[in-house]
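Undergrad: See work_22.txt below, with compact mmCIF, C-alpha atoms.
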```
# COMPACT_ATOMS: atom_id res chain seq x y z
CA MET F 1 0.00 0.00 0.00
CA ASP F 2 1.77 3.06 -1.31
CA LEU F 3 0.12 6.35 -2.12
CA GLN F 4 2.27 6.95 -5.20
CA ILE F 5 1.49 3.49 -6.57
CA THR F 6 -2.22 3.95 -5.84
CA TYR F 7 -2.20 7.29 -7.62
CA ASN F 8 -0.41 5.82 -10.63
CA LEU F 9 -2.88 2.97 -10.72
CA PHE F 10 -5.74 5.45 -10.80
CA THR F 11 -4.24 7.62 -13.54
CA SER F 12 -3.52 4.65 -15.78
CA TYR F 13 -6.89 2.94 -15.28
CA TYR F 14 -9.35 5.79 -14.80
CA PRO F 15 -11.20 5.13 -18.08
CA VAL F 16 -12.02 1.64 -16.75
CA PHE F 17 -13.34 3.05 -13.47
CA GLY F 18 -15.27 5.71 -15.38
CA LYS F 19 -16.95 3.15 -17.57
CA GLY F 20 -17.83 1.07 -14.53
CA LEU F 21 -19.30 4.09 -12.78
CA LEU F 22 -21.37 4.88 -15.86
CA ASN F 23 -22.78 1.35 -15.88
CA SER F 24 -23.53 1.66 -12.16
CA PHE F 25 -25.52 4.81 -12.85
CA LEU F 26 -27.33 3.11 -15.71
CA ALA F 27 -28.41 0.33 -13.37
CA LEU F 28 -29.35 2.85 -10.68
CA VAL F 29 -31.50 4.97 -12.97
CA SER F 30 -33.37 2.05 -14.48
CA GLY F 31 -33.82 0.56 -11.02
CA MET F 32 -35.07 3.90 -9.68
CA VAL F 33 -37.70 4.30 -12.38
CA LEU F 34 -38.93 0.70 -12.13
CA ALA F 35 -38.89 0.56 -8.33
CA THR F 36 -40.72 3.86 -7.95
CA ALA F 37 -43.41 2.73 -10.39
CA LEU F 38 -43.81 -0.61 -8.64
CA GLY F 39 -43.76 1.03 -5.21
CA LEU F 40 -46.45 3.49 -6.24
CA ILE F 41 -48.70 0.75 -7.57
CA CYS F 42 -48.21 -1.33 -4.41
CA ALA F 43 -48.82 1.66 -2.13
CA LEU F 44 -52.05 2.47 -3.97
CA ILE F 45 -53.21 -1.12 -3.73
CA ILE F 46 -52.50 -1.26 0.00
CA SER F 47 -54.30 1.98 0.75
CA ARG F 48 -57.30 1.41 -1.55
CA ASP F 49 -57.93 -2.30 -1.91
CA ARG F 50 -59.29 -4.35 0.99
CA GLY F 51 -59.34 -7.77 -0.66
CA VAL F 52 -57.03 -10.46 -1.94
CA LEU F 53 -54.79 -8.03 -3.81
CA ASN F 54 -54.03 -6.20 -0.59
CA ARG F 55 -52.94 -9.42 1.07
CA VAL F 56 -50.80 -10.42 -1.92
CA VAL F 57 -48.95 -7.10 -1.89
CA ARG F 58 -48.45 -7.24 1.88
CA THR F 59 -47.00 -10.75 1.63
CA TYR F 60 -44.69 -9.63 -1.16
CA ILE F 61 -43.42 -6.72 0.95
CA THR F 62 -42.86 -8.94 4.01
CA ILE F 63 -40.93 -11.50 1.97
CA ILE F 64 -38.71 -8.88 0.32
CA ARG F 65 -38.02 -7.02 3.56
CA ASN F 66 -36.90 -10.16 5.37
CA THR F 67 -34.59 -11.67 2.77
CA PRO F 68 -31.18 -10.37 1.63
CA PHE F 69 -30.84 -8.58 -1.70
CA LEU F 70 -28.08 -10.92 -2.83
CA VAL F 71 -30.30 -13.98 -2.37
CA GLN F 72 -33.08 -12.28 -4.35
CA LEU F 73 -30.53 -11.56 -7.07
CA TYR F 74 -29.44 -15.20 -7.13
CA LEU F 75 -33.04 -16.41 -7.20
CA ILE F 76 -33.71 -14.32 -10.30
CA TYR F 77 -30.37 -14.92 -11.98
CA PHE F 78 -30.14 -18.67 -11.43
CA GLY F 79 -33.82 -19.44 -10.89
CA LEU F 80 -35.63 -17.83 -13.82
CA PRO F 81 -33.74 -19.82 -16.49
CA SER F 82 -35.51 -22.93 -15.10
CA PHE F 83 -38.72 -21.40 -16.48
CA GLY F 84 -37.05 -20.74 -19.80
CA ILE F 85 -36.61 -17.02 -19.13
CA VAL F 86 -33.01 -16.04 -19.84
CA MET F 87 -32.04 -12.48 -19.09
CA SER F 88 -28.81 -10.53 -19.30
CA ALA F 89 -26.98 -9.48 -16.16
CA PHE F 90 -28.26 -5.95 -16.58
CA GLU F 91 -31.88 -7.02 -16.92
CA THR F 92 -31.53 -9.34 -13.94
CA GLY F 93 -30.03 -6.57 -11.84
CA ALA F 94 -32.68 -4.05 -12.85
CA LEU F 95 -35.44 -6.56 -12.08
CA ALA F 96 -33.91 -7.39 -8.69
CA LEU F 97 -33.53 -3.71 -7.84
CA MET F 98 -37.11 -3.10 -8.86
CA LEU F 99 -38.50 -5.95 -6.75
CA ASN F 100 -36.29 -5.15 -3.76
CA SER F 101 -36.53 -1.37 -3.57
CA GLY F 102 -40.12 -1.42 -4.82
CA ALA F 103 -41.18 -3.04 -1.54
CA TYR F 104 -39.37 -0.45 0.57
CA ILE F 105 -40.67 2.43 -1.54
CA ALA F 106 -44.21 1.05 -1.26
CA ASP F 107 -43.92 1.24 2.52
CA ILE F 108 -42.51 4.78 2.35
CA LEU F 109 -45.30 5.98 0.05
CA LYS F 110 -47.99 4.25 2.08
CA ALA F 111 -46.80 5.94 5.27
CA GLY F 112 -46.63 9.28 3.46
CA PHE F 113 -50.15 9.02 2.05
CA GLN F 114 -51.55 7.94 5.40
CA ALA F 115 -49.95 10.90 7.16
CA VAL F 116 -52.17 13.31 5.21
CA GLU F 117 -54.95 14.53 7.43
CA LYS F 118 -58.33 12.92 6.84
CA GLY F 119 -60.10 16.27 6.84
CA GLN F 120 -58.12 17.29 3.78
CA VAL F 121 -59.44 14.39 1.75
CA GLU F 122 -62.95 14.95 3.04
CA ALA F 123 -62.74 18.63 2.11
CA ALA F 124 -61.61 17.64 -1.38
CA GLU F 125 -64.55 15.26 -1.63
CA ALA F 126 -66.88 18.04 -0.54
CA LEU F 127 -65.47 20.21 -3.32
CA GLY F 128 -66.46 17.51 -5.77
CA LEU F 129 -62.95 16.51 -6.88
CA THR F 130 -62.72 13.12 -8.53
CA GLY F 131 -60.64 10.35 -7.00
CA PHE F 132 -57.63 11.02 -9.19
CA GLN F 133 -57.89 14.79 -8.67
CA ARG F 134 -58.00 14.28 -4.91
CA PHE F 135 -54.89 12.14 -5.10
CA ARG F 136 -52.98 14.46 -7.46
CA LEU F 137 -53.97 17.83 -6.01
CA VAL F 138 -54.43 17.13 -2.30
CA VAL F 139 -52.75 13.93 -1.12
CA VAL F 140 -49.51 13.96 -3.12
CA PRO F 141 -48.43 17.58 -2.52
CA GLN F 142 -49.04 17.28 1.21
CA SER F 143 -47.23 13.99 1.63
CA LEU F 144 -44.15 15.01 -0.38
CA PRO F 145 -42.25 16.64 2.53
CA GLN F 146 -42.39 13.33 4.36
CA ILE F 147 -41.81 11.12 1.33
CA ILE F 148 -38.88 12.86 -0.34
CA PRO F 149 -36.22 12.36 2.41
CA ALA F 150 -37.12 8.70 2.86
CA ILE F 151 -37.25 7.95 -0.84
CA THR F 152 -33.93 9.66 -1.62
CA GLY F 153 -32.43 7.63 1.22
CA GLN F 154 -33.73 4.51 -0.49
CA TYR F 155 -32.15 5.62 -3.78
CA LEU F 156 -28.79 5.96 -2.02
CA ILE F 157 -29.16 2.44 -0.63
CA MET F 158 -30.03 1.32 -4.16
CA PHE F 159 -26.78 2.74 -5.49
CA GLN F 160 -24.92 0.73 -2.87
CA ASP F 161 -26.93 -2.32 -3.88
CA THR F 162 -25.78 -2.00 -7.50
CA SER F 163 -22.31 -3.00 -6.24
CA LEU F 164 -23.69 -6.50 -5.64
CA MET F 165 -24.48 -6.80 -9.35
CA SER F 166 -20.74 -7.34 -9.80
CA ILE F 167 -21.29 -10.88 -8.48
CA ILE F 168 -23.47 -11.74 -11.47
CA ALA F 169 -20.82 -10.21 -13.77
CA TYR F 170 -22.57 -6.97 -14.69
CA PRO F 171 -19.69 -4.61 -15.58
CA GLU F 172 -20.39 -1.89 -13.00
CA LEU F 173 -17.87 -0.10 -10.78
CA THR F 174 -17.10 -2.94 -8.36
CA ARG F 175 -16.65 -5.32 -11.27
CA SER F 176 -14.25 -2.95 -13.03
CA ILE F 177 -12.29 -2.63 -9.78
CA THR F 178 -11.98 -6.41 -9.61
CA ASP F 179 -10.91 -6.46 -13.27
CA VAL F 180 -8.17 -3.90 -12.60
CA GLY F 181 -7.09 -5.94 -9.59
CA ASN F 182 -6.92 -9.11 -11.66
CA GLU F 183 -4.90 -7.36 -14.32
CA THR F 184 -2.38 -5.65 -12.06
CA TYR F 185 -2.44 -7.87 -8.96
CA MET F 186 -2.85 -4.68 -6.93
CA PHE F 187 -6.14 -5.67 -5.34
CA LEU F 188 -5.94 -3.59 -2.18
CA GLU F 189 -5.00 -0.42 -4.07
CA ALA F 190 -7.75 -0.99 -6.63
CA TYR F 191 -10.42 -1.54 -3.96
CA ILE F 192 -9.30 1.52 -2.03
CA ILE F 193 -9.60 3.63 -5.19
CA GLY F 194 -13.04 2.13 -5.75
CA GLY F 195 -14.07 2.83 -2.18
CA VAL F 196 -13.00 6.47 -2.52
CA ILE F 197 -14.98 6.80 -5.76
CA TYR F 198 -18.08 5.36 -4.07
CA LEU F 199 -17.62 7.69 -1.09
CA ILE F 200 -17.30 10.78 -3.29
CA VAL F 201 -20.27 9.86 -5.48
CA LEU F 202 -22.52 8.94 -2.56
CA ASN F 203 -21.63 12.09 -0.64
CA LEU F 204 -22.40 14.18 -3.72
CA MET F 205 -25.72 12.39 -4.12
CA GLU F 206 -26.47 12.98 -0.44
CA PHE F 207 -25.74 16.67 -0.91
CA VAL F 208 -28.06 16.90 -3.92
CA ALA F 209 -30.72 14.96 -2.02
CA GLY F 210 -30.46 17.46 0.83
CA ARG F 211 -31.02 20.30 -1.62
CA ILE F 212 -34.05 18.61 -3.14
CA GLU F 213 -35.47 17.99 0.33
CA LYS F 214 -35.19 21.69 1.08
CA ILE F 215 -37.19 22.58 -2.04
CA PHE F 216 -40.04 20.31 -1.00
CA LYS F 217 -39.94 21.18 2.68
CA PHE F 218 -42.79 23.60 3.04
CA LYS F 219 -44.62 24.15 6.27
CA ILE F 220 -48.26 23.28 6.38
CA PRO F 221 -49.89 26.30 8.01
CA GLU F 222 -51.24 25.70 11.50
CA ARG F 223 -54.94 25.27 11.70
CA ARG F 224 -56.48 28.31 13.33
CA SER F 225 -59.17 27.79 15.89
CA VAL F 226 -62.26 29.78 15.12
CA MET T 1 -43.30 -36.26 -7.01
CA SER T 2 -41.72 -38.20 -4.16
CA GLY T 3 -38.43 -37.85 -6.04
CA TRP T 4 -38.80 -34.09 -5.98
CA LEU T 5 -39.67 -34.17 -2.29
CA SER T 6 -36.58 -36.15 -1.41
CA VAL T 7 -34.37 -33.83 -3.46
CA SER T 8 -35.95 -30.88 -1.70
CA TYR T 9 -35.35 -32.52 1.66
CA GLN T 10 -31.72 -33.29 0.82
CA THR T 11 -31.15 -29.72 -0.32
CA MET T 12 -32.69 -28.41 2.87
CA ARG T 13 -30.45 -30.66 4.97
CA MET T 14 -27.31 -29.50 3.17
CA ILE T 15 -28.19 -25.83 3.52
CA LEU T 16 -29.28 -26.24 7.11
CA ALA T 17 -25.72 -27.39 7.85
CA ALA T 18 -24.50 -23.88 6.99
CA TYR T 19 -27.09 -22.13 9.15
CA PRO T 20 -25.03 -22.25 12.39
CA LEU T 21 -22.18 -20.44 10.64
CA THR T 22 -24.48 -17.60 9.59
CA LEU T 23 -25.79 -17.35 13.15
CA LEU T 24 -22.28 -17.45 14.65
CA LEU T 25 -21.05 -14.83 12.21
CA SER T 26 -24.05 -12.59 12.91
CA ALA T 27 -23.74 -13.00 16.68
CA LEU T 28 -20.02 -12.19 16.79
CA ALA T 29 -20.44 -9.26 14.40
CA LEU T 30 -23.34 -8.05 16.57
CA VAL T 31 -21.08 -7.99 19.64
CA GLY T 32 -18.39 -6.15 17.69
CA ALA T 33 -20.88 -3.67 16.27
CA LEU T 34 -22.37 -2.99 19.71
CA VAL T 35 -18.96 -2.26 21.28
CA PHE T 36 -17.75 -0.16 18.32
CA GLY T 37 -21.14 1.51 18.07
CA PHE T 38 -21.09 2.56 21.71
CA LEU T 39 -17.59 4.00 21.21
CA ILE T 40 -18.72 5.91 18.11
CA ALA T 41 -21.79 7.26 19.91
CA LEU T 42 -19.70 8.43 22.87
CA MET T 43 -17.15 10.00 20.50
CA LYS T 44 -19.87 11.89 18.64
CA ARG T 45 -21.20 13.24 21.95
CA SER T 46 -17.82 14.00 23.45
CA GLY T 47 -16.81 17.56 24.32
CA PHE T 48 -13.46 17.08 22.60
CA LEU T 49 -13.72 18.34 19.00
CA PRO T 50 -11.28 15.87 17.32
CA PHE T 51 -13.29 12.99 18.79
CA ARG T 52 -16.51 14.45 17.39
CA ILE T 53 -14.93 14.91 13.97
CA ALA T 54 -13.54 11.37 14.00
CA GLY T 55 -16.92 9.95 14.99
CA THR T 56 -18.78 11.88 12.30
CA LEU T 57 -16.20 10.89 9.70
CA TYR T 58 -16.45 7.25 10.71
CA VAL T 59 -20.21 7.20 10.36
CA ASN T 60 -20.11 8.98 7.01
CA ILE T 61 -17.45 6.67 5.56
CA PHE T 62 -18.86 3.37 6.71
CA ARG T 63 -22.44 4.23 5.89
CA ASN T 64 -21.60 5.27 2.35
CA LEU T 65 -19.15 2.50 1.50
CA PRO T 66 -20.87 -0.46 -0.18
CA TYR T 67 -20.36 -3.45 2.07
CA ILE T 68 -18.81 -5.61 -0.65
CA ILE T 69 -16.01 -3.05 -1.12
CA LEU T 70 -15.36 -3.07 2.62
CA VAL T 71 -15.19 -6.88 2.58
CA PHE T 72 -12.55 -6.83 -0.15
CA VAL T 73 -10.54 -4.02 1.48
CA THR T 74 -10.53 -5.98 4.77
CA PHE T 75 -9.72 -9.20 2.93
CA TYR T 76 -6.65 -7.74 1.21
CA GLY T 77 -5.77 -5.15 3.86
CA LEU T 78 -6.00 -7.05 7.15
CA PRO T 79 -3.13 -9.47 6.38
CA LEU T 80 -0.82 -6.46 5.92
CA PHE T 81 -1.30 -5.41 9.53
CA PHE T 82 -1.75 -8.79 11.20
CA ASP T 83 -1.06 -12.39 10.44
CA VAL T 84 -0.82 -13.45 6.81
CA HIS T 85 -2.92 -16.54 7.53
CA ILE T 86 -6.06 -14.72 8.56
CA SER T 87 -9.26 -16.74 8.18
CA ALA T 88 -12.18 -15.71 6.01
CA LEU T 89 -14.41 -15.84 9.09
CA THR T 90 -12.24 -13.25 10.87
CA VAL T 91 -12.35 -11.00 7.82
CA ALA T 92 -16.13 -11.35 7.68
CA ILE T 93 -16.62 -10.58 11.38
CA VAL T 94 -14.26 -7.59 11.34
CA SER T 95 -15.75 -6.05 8.19
CA LEU T 96 -19.33 -6.63 9.31
CA SER T 97 -18.63 -5.11 12.73
CA LEU T 98 -16.98 -2.06 11.17
CA ASN T 99 -19.85 -1.60 8.73
CA GLN T 100 -22.71 -2.06 11.20
CA ALA T 101 -21.01 -0.04 13.97
CA ALA T 102 -21.83 3.10 12.00
CA TYR T 103 -25.58 2.31 12.11
CA PHE T 104 -25.52 0.99 15.68
CA GLY T 105 -23.61 4.10 16.74
CA GLU T 106 -26.31 6.39 15.37
CA ILE T 107 -29.06 4.44 17.13
CA ILE T 108 -27.18 4.40 20.45
CA ARG T 109 -26.49 8.11 20.10
CA GLY T 110 -30.24 8.67 19.85
CA GLY T 111 -30.67 6.64 23.04
CA LEU T 112 -27.98 8.64 24.86
CA ALA T 113 -29.71 11.86 23.83
CA LYS T 114 -32.98 10.60 25.31
CA LEU T 115 -31.40 9.69 28.66
CA GLN T 116 -32.65 12.13 31.28
CA HIS T 117 -30.00 14.29 32.83
CA THR T 118 -31.49 13.88 36.29
CA GLN T 119 -30.42 10.25 36.21
CA ILE T 120 -26.76 11.26 35.93
CA GLU T 121 -27.19 13.90 38.60
CA ALA T 122 -28.78 11.40 40.96
CA ALA T 123 -25.90 9.02 40.33
CA GLU T 124 -23.45 11.82 41.04
CA ALA T 125 -25.30 12.63 44.26
CA LEU T 126 -24.90 8.99 45.26
CA ALA T 127 -21.15 9.46 44.75
CA LEU T 128 -20.82 6.84 42.05
CA THR T 129 -17.56 7.02 40.16
CA ARG T 130 -17.53 7.85 36.46
CA TRP T 131 -17.17 4.22 35.44
CA GLN T 132 -19.88 3.11 37.89
CA ARG T 133 -22.25 5.75 36.53
CA PHE T 134 -21.59 4.52 33.04
CA ARG T 135 -21.89 0.83 33.88
CA LEU T 136 -24.82 0.97 36.30
CA ILE T 137 -26.90 3.90 35.06
CA VAL T 138 -26.11 4.82 31.47
CA ILE T 139 -25.65 1.42 29.79
CA PRO T 140 -28.73 -0.33 31.25
CA GLN T 141 -31.11 2.55 30.53
CA VAL T 142 -29.79 3.34 27.07
CA MET T 143 -29.71 -0.30 26.03
CA TYR T 144 -33.25 -0.71 27.28
CA MET T 145 -34.45 2.24 25.23
CA VAL T 146 -32.69 1.34 22.00
CA THR T 147 -33.12 -2.45 21.99
CA PRO T 148 -36.12 -2.46 19.61
CA SER T 149 -34.28 -0.30 17.05
CA LEU T 150 -31.12 -2.31 17.52
CA MET T 151 -33.02 -5.51 16.78
CA GLY T 152 -34.35 -3.95 13.59
CA GLN T 153 -30.79 -3.06 12.67
CA THR T 154 -29.72 -6.61 13.54
CA THR T 155 -32.00 -7.94 10.81
CA GLN T 156 -30.15 -5.54 8.51
CA LEU T 157 -26.88 -7.03 9.76
CA ILE T 158 -28.09 -10.54 9.04
CA LYS T 159 -29.19 -9.45 5.58
CA SER T 160 -25.64 -8.16 4.94
CA THR T 161 -23.99 -11.49 5.75
CA PRO T 162 -24.55 -13.12 2.31
CA VAL T 163 -22.01 -10.72 0.85
CA VAL T 164 -19.17 -12.45 2.70
CA SER T 165 -19.71 -15.50 0.50
CA VAL T 166 -17.58 -13.64 -2.09
CA ILE T 167 -14.46 -14.36 -0.04
CA GLY T 168 -15.26 -18.06 0.03
CA LEU T 169 -17.06 -18.37 3.33
CA LYS T 170 -19.61 -21.19 3.27
CA GLU T 171 -22.43 -19.56 5.18
CA LEU T 172 -26.03 -19.94 3.98
CA THR T 173 -25.55 -18.23 0.61
CA GLY T 174 -22.06 -19.61 0.01
CA MET T 175 -23.36 -23.07 0.80
CA GLY T 176 -26.29 -22.44 -1.53
CA ARG T 177 -23.91 -21.78 -4.38
CA ALA T 178 -21.93 -24.89 -3.54
CA VAL T 179 -25.06 -27.06 -3.37
CA VAL T 180 -26.28 -25.78 -6.76
CA VAL T 181 -23.12 -27.15 -8.34
CA SER T 182 -24.00 -30.67 -7.23
CA THR T 183 -27.81 -30.68 -7.45
CA HIS T 184 -28.37 -28.41 -10.49
CA GLN T 185 -31.56 -27.11 -8.86
CA PRO T 186 -30.82 -23.40 -8.40
CA LEU T 187 -34.39 -22.29 -7.78
CA LEU T 188 -35.03 -24.89 -5.09
CA CYS T 189 -31.67 -24.30 -3.49
CA PHE T 190 -31.85 -20.51 -3.22
CA ALA T 191 -35.49 -20.73 -2.20
CA TRP T 192 -34.39 -22.73 0.85
CA VAL T 193 -31.61 -20.23 1.51
CA ALA T 194 -34.18 -17.44 1.38
CA VAL T 195 -36.48 -19.36 3.72
CA PHE T 196 -33.80 -19.58 6.40
CA TYR T 197 -33.05 -15.87 6.18
CA PHE T 198 -36.74 -15.09 6.19
CA ILE T 199 -37.46 -17.09 9.34
CA THR T 200 -34.55 -15.53 11.21
CA CYS T 201 -35.33 -11.94 10.27
CA PHE T 202 -39.09 -12.32 10.61
CA VAL T 203 -38.87 -13.73 14.13
CA LEU T 204 -36.45 -10.98 15.16
CA GLN T 205 -38.76 -8.34 13.77
CA ILE T 206 -41.81 -9.72 15.59
CA ILE T 207 -39.88 -9.73 18.88
CA ALA T 208 -38.69 -6.17 18.21
CA LYS T 209 -42.25 -4.99 17.61
CA LYS T 210 -43.50 -6.67 20.79
CA MET T 211 -40.71 -5.09 22.81
CA GLU T 212 -41.42 -1.69 21.36
CA LYS T 213 -45.05 -1.97 22.46
CA ILE T 214 -44.06 -3.04 25.98
CA ASN T 215 -41.53 -0.20 26.15
CA LEU T 216 -44.15 2.33 25.13
CA ARG T 217 -46.55 1.05 27.76
CA ILE T 218 -43.90 1.24 30.49
CA MET T 219 -42.83 4.73 29.43
CA ARG T 220 -46.42 5.91 29.46
CA GLY T 221 -46.94 4.30 32.86
CA ALA T 222 -43.82 5.95 34.22
CA ARG T 223 -44.99 9.38 33.18
CA THR T 224 -48.43 9.39 34.75
```
Output the structure of this file as structure tokens.
TA:
Amino acid sequence: MDLQITYNLFTSYYPVFGKGLLNSFLALVSGMVLATALGLICALIISRDRGVLNRVVRTYITIIRNTPFLVQLYLIYFGLPSFGIVMSAFETGALALMLNSGAYIADILKAGFQAVEKGQVEAAEALGLTGFQRFRLVVVPQSLPQIIPAITGQYLIMFQDTSLMSIIAYPELTRSITDVGNETYMFLEAYIIGGVIYLIVLNLMEFVAGRIEKIFKFKIPERRSV
Amino acid sequence: MSGWLSVSYQTMRMILAAYPLTLLLSALALVGALVFGFLIALMKRSGFLPFRIAGTLYVNIFRNLPYIILVFVTFYGLPLFFDVHISALTVAIVSLSLNQAAYFGEIIRGGLAKLQHTQIEAAEALALTRWQRFRLIVIPQVMYMVTPSLMGQTTQLIKSTPVVSVIGLKELTGMGRAVVVSTHQPLLCFAWVAVFYFITCFVLQIIAKKMEKINLRIMRGART
């Protein structure tokens, strides 16, 4: 472990790290979109439906929350081919991210929607807003201050989860670090560089998330007693 | 059908054999994370600025570093400082403790913040020494308050353990991969692996929820 050697390793291999980071982001963004969509659907089902569908979604969330992401990844990657479905490493990773984070996001959204005061929805009903209008104009804006911090936190966790996609040979950052290590036999140096890259990127993302939170953090005016 | 059942049973038996290792690894890492976590929490609340900075830095680094990177850094880095023949289990326990200590530290810090100051003053009035105050007053009360959250975090710890299979440790997931090679039944195999994790985490979570309810009741009772 020598700083000069580590620096030289970085300067000679930074295109490899860059490409890996780009692939990590690609996985993150596709996972984000899919997981948010799935989470929203699940949250709506839980808060609206009172039948079988509700129970199915709840079971799905319980199963996902109590099993490790890596095992879910293995189940999809090694298990789905038994049904004749063969997917690339990227597709597997995106699907696993969707199923995993979707469950957490569903819980976040559900809690956010439930935190909106009942009187607000009733008032919207009294004004004759349709169901979708009530949701879009009353429930969502008021639950955003609570939802945004939790959901950005989940996105950060998701970015860390993409590192596990290296195990199924998706060429993201961790995989490119391993490749550099295999090529140069400087494993420790390579992993330390990778760790620093992850730290910088995640801290930047945290900073941006903080800024976004501030935009959405508005104070609901206190209710005045008549 | 009976053929499938017997294969399923055999798979379960083979994977069950790795379950103790996962539990041992989790338990030892839990002890490490608790001790480290308490240190981090005390550092973050200390009056000495360098300690506070070090504590904050520690939490930031180990919360933002993907666990798999930490496993590899420990795997290749630990032998430089200690013995060359360091076992994969040691690497796993050390890395897991370091990683989880950041989360445990934050939870314990919350507990320390909730501890009423009058408790310390009463202990001082009883002329307990600093160490006695810490051992007899602070630790029991804080641990009591934070146990439900710590148990939730422990399920997180258990869910991080599969990652250590990348350094060749045959815990549940590592064993799962090994069993797949011989049985060629990946779905069945990893389904059993998932079942074992599910049972462990689910039970822990139920206990945590029960304890939280009891805690709330006691707190409410204490106030009135």
Undergrad: Write out as a list in words the residues lying within 12 Å of T:Ala17, counting only C-alpha atoms and excluding same-chain residues fewer than 5 positions away.
TA: Gln10, Thr11, Met12, Thr22, Leu23, Lys170, Glu171, Leu172, Thr173, Gly174, Met175, Gly176, Val179, Val193 and Phe196 of chain T
Undergrad: I want to know what sits within 10 Å of T:Ile120, based on all atoms listed in the file, with residues of the same chain fewer than 5 positions away left out; could you give that as a VMD selection string?
TA: chain T and resid 115 125 to 126 128 130 133 to 134 137 to 138
Undergrad: Using all atoms listed in the file, select each residue of chain T with any atom at most 7 Å away from an atom of chain F, and give the selection as a ChimeraX atom specification.
TA: /T:61,64-66,69,72-73,76-77,159-160,162,186-187,190,194,197-198,201-202
Undergrad: Would you mind exporting C-alpha atoms of the selected residues as a compact mmCIF listing (two decimals), in the coordinates of the input?
TA:
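And here's out25.txt as it stands now:
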```
# COMPACT_ATOMS: atom_id res chain seq x y z
CA ILE T 61 -17.45 6.67 5.56
CA ASN T 64 -21.60 5.27 2.35
CA LEU T 65 -19.15 2.50 1.50
CA PRO T 66 -20.87 -0.46 -0.18
CA ILE T 69 -16.01 -3.05 -1.12
CA PHE T 72 -12.55 -6.83 -0.15
CA VAL T 73 -10.54 -4.02 1.48
CA TYR T 76 -6.65 -7.74 1.21
CA GLY T 77 -5.77 -5.15 3.86
CA LYS T 159 -29.19 -9.45 5.58
CA SER T 160 -25.64 -8.16 4.94
CA PRO T 162 -24.55 -13.12 2.31
CA PRO T 186 -30.82 -23.40 -8.40
CA LEU T 187 -34.39 -22.29 -7.78
CA PHE T 190 -31.85 -20.51 -3.22
CA ALA T 194 -34.18 -17.44 1.38
CA TYR T 197 -33.05 -15.87 6.18
CA PHE T 198 -36.74 -15.09 6.19
CA CYS T 201 -35.33 -11.94 10.27
CA PHE T 202 -39.09 -12.32 10.61
```
Undergrad: Do you have the atom CA of T:Gln100-atom CA of T:Pro140 distance handy?
TA: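 Rounded to one decimal, the two atoms are 21.0 Å apart.
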Undergrad: Using only C-alpha atoms, list the residues that have an atom at most 12 Å from (-14.1, 5.4, -14.5), coordinates as in the file, as a PyMOL selection string.
TA: chain F and resi 10-25+171-177+180+190+193-194+197-198+201
Undergrad: Would you please work out which residue, of F:Gln133, F:Ser143, F:Thr36, F:Gln114, is nearest to F:Gly102 when using all atoms listed in the file?
TA: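 Looking only at the distances to F:Gly102, the closest residue turns out to be F:Thr36.
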Undergrad: Name the residues, using the chain letters and numbers of the file, that sit within 12 Å of (-14.9, -14.7, 7.4) when counting all atoms listed in the file, and give them as a ChimeraX atom specification.
TA: /T:21-22,24-26,28-29,71-72,74-75,78,86-97,161-171,174
Undergrad: So that I can see what lies close to T:Leu204, please list as a ChimeraX atom specification the residues with an atom at most 7 Å from it, counting only C-alpha atoms and leaving out residues fewer than 4 positions away in the same chain.
TA: /T:151,155,200,208
Undergrad: Let me make sure I understand: among F:Met165, F:Leu28, F:Ala35, F:Met158, which one has the smallest atom-to-atom distance to F:Gly93 if we use all atoms listed in the file?
TA: F:Met165
Undergrad: Restricting the calculation to all atoms listed in the file, which member of F:Leu144, F:Ala96, F:Ala89, F:Ile168 is positioned closest to F:Val116?
TA: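 Distance minimum relative to F:Val116 lands on F:Leu144.
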Undergrad: What is the atom CA of F:Ala43 to atom CA of F:Lys110 distance in Å?
TA: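 Rounded to one decimal, the two atoms are 5.0 Å apart.
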Undergrad: Looking at all atoms listed in the file, which of F:Tyr7, F:Phe90, F:Phe113, F:Tyr104 is the one that sits closest to F:Val57?
TA: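 Result for the nearest residue to F:Val57: F:Tyr104.
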Undergrad: So that I can check the surroundings of T:Ile40, please list as an mmCIF file with C-alpha atoms, in the coordinates of the input every protein, DNA and RNA residue that reaches within 9 Å of it, counting only C-alpha atoms and ignoring chain neighbours fewer than 5 positions away.
TA:
```cif
data_model
loop_
_atom_site.group_PDB
_atom_site.id
_atom_site.type_symbol
_atom_site.label_atom_id
_atom_site.label_comp_id
_atom_site.auth_asym_id
_atom_site.auth_seq_id
_atom_site.Cartn_x
_atom_site.Cartn_y
_atom_site.Cartn_z
ATOM 1 C CA VAL T 35 -18.960 -2.260 21.280
ATOM 2 C CA ARG T 45 -21.200 13.240 21.950
ATOM 3 C CA PHE T 51 -13.290 12.990 18.790
ATOM 4 C CA ARG T 52 -16.510 14.450 17.390
ATOM 5 C CA ALA T 54 -13.540 11.370 14.000
ATOM 6 C CA GLY T 55 -16.920 9.950 14.990
ATOM 7 C CA THR T 56 -18.780 11.880 12.300
ATOM 8 C CA TYR T 58 -16.450 7.250 10.710
ATOM 9 C CA VAL T 59 -20.210 7.200 10.360
ATOM 10 C CA ALA T 101 -21.010 -0.040 13.970
ATOM 11 C CA ALA T 102 -21.830 3.100 12.000
ATOM 12 C CA PHE T 104 -25.520 0.990 15.680
ATOM 13 C CA GLY T 105 -23.610 4.100 16.740
ATOM 14 C CA GLU T 106 -26.310 6.390 15.370
ATOM 15 C CA ILE T 108 -27.180 4.400 20.450
ATOM 16 C CA ARG T 109 -26.490 8.110 20.100
#
```
